[in-house]
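Novice: First, the structure itself, so that you have it in front of you.
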Amino acid sequence: MSERAPSDQDVRQHFTERAATYTGGQGDTVEEMVAMAAPGPESVALDVATGTGLVAFALASHITGSGRVIGVDFTAAMLARAMEEQDTKDSAANGGQVALAAADATRLPFSDGMFGVVTCRFSVHHFTHAIPAMEEMARVLAPGGRLVIGEFGMPEDEQKAAYFNRMERLRGHSHVQAFSESQLSRMMADIGCPVQEARLLKREMMASEWFEAANTTDENREEARRMLWDGLEGDLAGLSPQPVGEDLLLTRHEIVLGGVKA
């Protein structure tokens with residue numbers, strides 16, 4: 001079993017292997033993120049770690065003028081899936097407004113202040129260098145521009161946070177470090193994009209589905225399941241697990257934070 005933090009190569013391999021079946025997660029975070037980003041017809045937006053392009057395409061549906069959206073990812077297989085998705089959408093859905101490109105989040109190939117909107121969904125916890133990546137997002141954002149981050153929530157309590165991260169690393173070898181709402185808020189303030197809006201969403205799912213979504217190995221699945229059951233008293237993982245037969249019903253928290261660059 002492995003609980004070590006993954007490397008960039010581990011993360012890329014994980015998403016290369018998952019690309020064919022990756023759905024980008026369910027829930028209302030995309031809608032909430034687009035509402036916070038508030039793109040207009042002329043907006044120029046960047047979606048970092050775009051995956052299959054869920055947020056990029058949603059942003060583009062609001063950009064009907066001369067604006068555009070660029071979606072970047074450092075996994076070629078995920079970009080290929082996004083391109084397939086783009087090909088299936090009619091002109092009214094994306095209007096040729098979305099460009100897809102390979103890029104590392106810590107070295108974005110764009111000029112300072114190029115974008116009025118920058119988004120990043122369910123990806124900060126995969127970054128091996130989260131602070132440099134967020135600094136890059138702030139660098140390419142224009143003053144007054146909106147930075148919108150969607151993430152899985154983590155307990156504020158340090159003991160529970162450590163338990164949560166250990167279990168997440170068992171669940172999937174692409175998990176580096178999750179952050180609580182207060183930690184993410186401080187990070188956004190530190191890069192000059194203090195949070196102006198916050199939304200907390202909840203999503204229920206069975207533990208078995210949670211493991212399946214991350215292609216958890218059998219050995220790690222058993223260890224992570226044991227941690228969930230052992231942590232029932234006191235809710236050590238912060239997932240409010242409820243026994244359902246031999247399975248567990250989990251309540252996952254999702255955070256959407258909207259900041260404005262000073």
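Each chain in the structure tokens gets a letter, A, B, ..., in the order shown, and its residues are numbered from 1; ligands are numbered from 1 in order too.
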Mind checking which residues fall within 10 Å of Arg107 (chain A), counting only C-alpha atoms, ignoring those fewer than 5 positions away in the same chain, and posting them as a PyMOL selection string?
Specialist: chain A and resi 132-133+135-137
Novice: For region 37-52 of chain A, please output as number ranges by chain all residues within 6 Å (counting only C-alpha atoms; exclusion window: fewer than 6 positions along the same chain).
Specialist: A: 63-73, 78, 81-82, 115-120, 146
Novice: Output as a PyMOL selection string all residues of region 109-216 of chain A that backbone DSSP marks as alpha helix (DSSP H).
Specialist: chain A and resi 130-139+158-171+181-190+207-213
Novice: One number please: CA of Gln177 (chain A) to CA of Ala130 (chain A), in Å, one decimal.
Specialist: 8.6 Å
Novice: So which bits of region 53-109 of chain A end up strand (DSSP E) when you DSSP the backbone, as a PyMOL selection string?
Specialist: chain A and resi 68-73+98-102
Novice: Please produce a file of the residues just selected, as an mmCIF file, in the first residue's frame, where the atoms kept are N, CA and C atoms.
Specialist:
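The result, stored in again_16.cif:
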```cif
data_model
loop_
_atom_site.group_PDB
_atom_site.id
_atom_site.type_symbol
_atom_site.label_atom_id
_atom_site.label_comp_id
_atom_site.auth_asym_id
_atom_site.auth_seq_id
_atom_site.Cartn_x
_atom_site.Cartn_y
_atom_site.Cartn_z
ATOM 1 N N ARG A 68 -13.154 34.836 -25.392
ATOM 2 C CA ARG A 68 -12.780 33.438 -25.627
ATOM 3 C C ARG A 68 -12.386 32.783 -24.312
ATOM 4 N N VAL A 69 -12.288 31.461 -24.350
ATOM 5 C CA VAL A 69 -11.849 30.680 -23.201
ATOM 6 C C VAL A 69 -10.688 29.803 -23.641
ATOM 7 N N ILE A 70 -9.661 29.748 -22.816
ATOM 8 C CA ILE A 70 -8.558 28.824 -23.045
ATOM 9 C C ILE A 70 -8.555 27.815 -21.900
ATOM 10 N N GLY A 71 -8.566 26.545 -22.238
ATOM 11 C CA GLY A 71 -8.477 25.487 -21.240
ATOM 12 C C GLY A 71 -7.127 24.802 -21.347
ATOM 13 N N VAL A 72 -6.411 24.694 -20.223
ATOM 14 C CA VAL A 72 -5.085 24.067 -20.248
ATOM 15 C C VAL A 72 -5.042 22.877 -19.290
ATOM 16 N N ASP A 73 -4.239 21.892 -19.656
ATOM 17 C CA ASP A 73 -4.036 20.714 -18.816
ATOM 18 C C ASP A 73 -2.672 20.129 -19.154
ATOM 19 N N VAL A 98 -13.653 28.153 -27.497
ATOM 20 C CA VAL A 98 -12.763 27.436 -26.587
ATOM 21 C C VAL A 98 -11.529 26.928 -27.324
ATOM 22 N N ALA A 99 -10.367 27.306 -26.806
ATOM 23 C CA ALA A 99 -9.103 26.772 -27.306
ATOM 24 C C ALA A 99 -8.518 25.889 -26.210
ATOM 25 N N LEU A 100 -7.948 24.758 -26.585
ATOM 26 C CA LEU A 100 -7.373 23.812 -25.632
ATOM 27 C C LEU A 100 -5.880 23.683 -25.876
ATOM 28 N N ALA A 101 -5.099 23.681 -24.784
ATOM 29 C CA ALA A 101 -3.642 23.655 -24.938
ATOM 30 C C ALA A 101 -2.993 22.925 -23.774
ATOM 31 N N ALA A 102 -1.814 22.354 -24.039
ATOM 32 C CA ALA A 102 -1.034 21.691 -23.000
ATOM 33 C C ALA A 102 -0.229 22.729 -22.231
#
```
Novice: Please provide as an MDAnalysis selection string all residues within 12 Å of Gly245 (chain A), with the sequence filter that same-chain residues fewer than 6 positions apart are discarded (counting only C-alpha atoms).
Specialist: chainID A and resid 206:208
Novice: Pick from A:Glu197, A:Glu168, A:Asp190, A:Glu31: nearest to Glu223 (chain A), with only C-alpha atoms counted?
Specialist: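 Among A:Glu197, A:Glu168, A:Asp190, A:Glu31, it is A:Glu168 that comes nearest to Glu223 (chain A).
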Novice: Taking 3 positions as the minimum chain separation for residues in the same chain, which residues sit within 12 Å of Met227 (chain A) when counting only C-alpha atoms? Answer as a VMD selection string.
Specialist: chain A and resid 160 163 to 168 170 to 171 207 220 to 224 230 to 233 235 to 239 241 248
Novice: For Val176 (chain A), which residue among A:Leu249, A:Leu141, A:Leu228, A:Val124 is the nearest when counting only C-alpha atoms?
Specialist: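 Closest to Val176 (chain A) of all the choices is A:Val124.
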Novice: Mind pulling up the distance from CA of Glu151 (chain A) to CA of Asp28 (chain A)?
Specialist: 11.9 Å
Novice: Which residue, A:Pro155, A:Gly259, A:Glu181, A:Met188, has the smallest gap to Ser240 (chain A) when you use only C-alpha atoms?
Specialist: A:Pro155
Novice: I'd like the interatomic distance between CA of Lys202 (chain A) and CA of Val256 (chain A), to a tenth of an Å.
Specialist: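 Straight-line distance from CA of Lys202 (chain A) to CA of Val256 (chain A) works out to 11.4 Å.
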Novice: From the options A:Gln159, A:Val55, A:Gln183, A:Pro143, which residue's atoms come nearest to Gly234 (chain A), counting only C-alpha atoms?
Specialist: A:Gln159
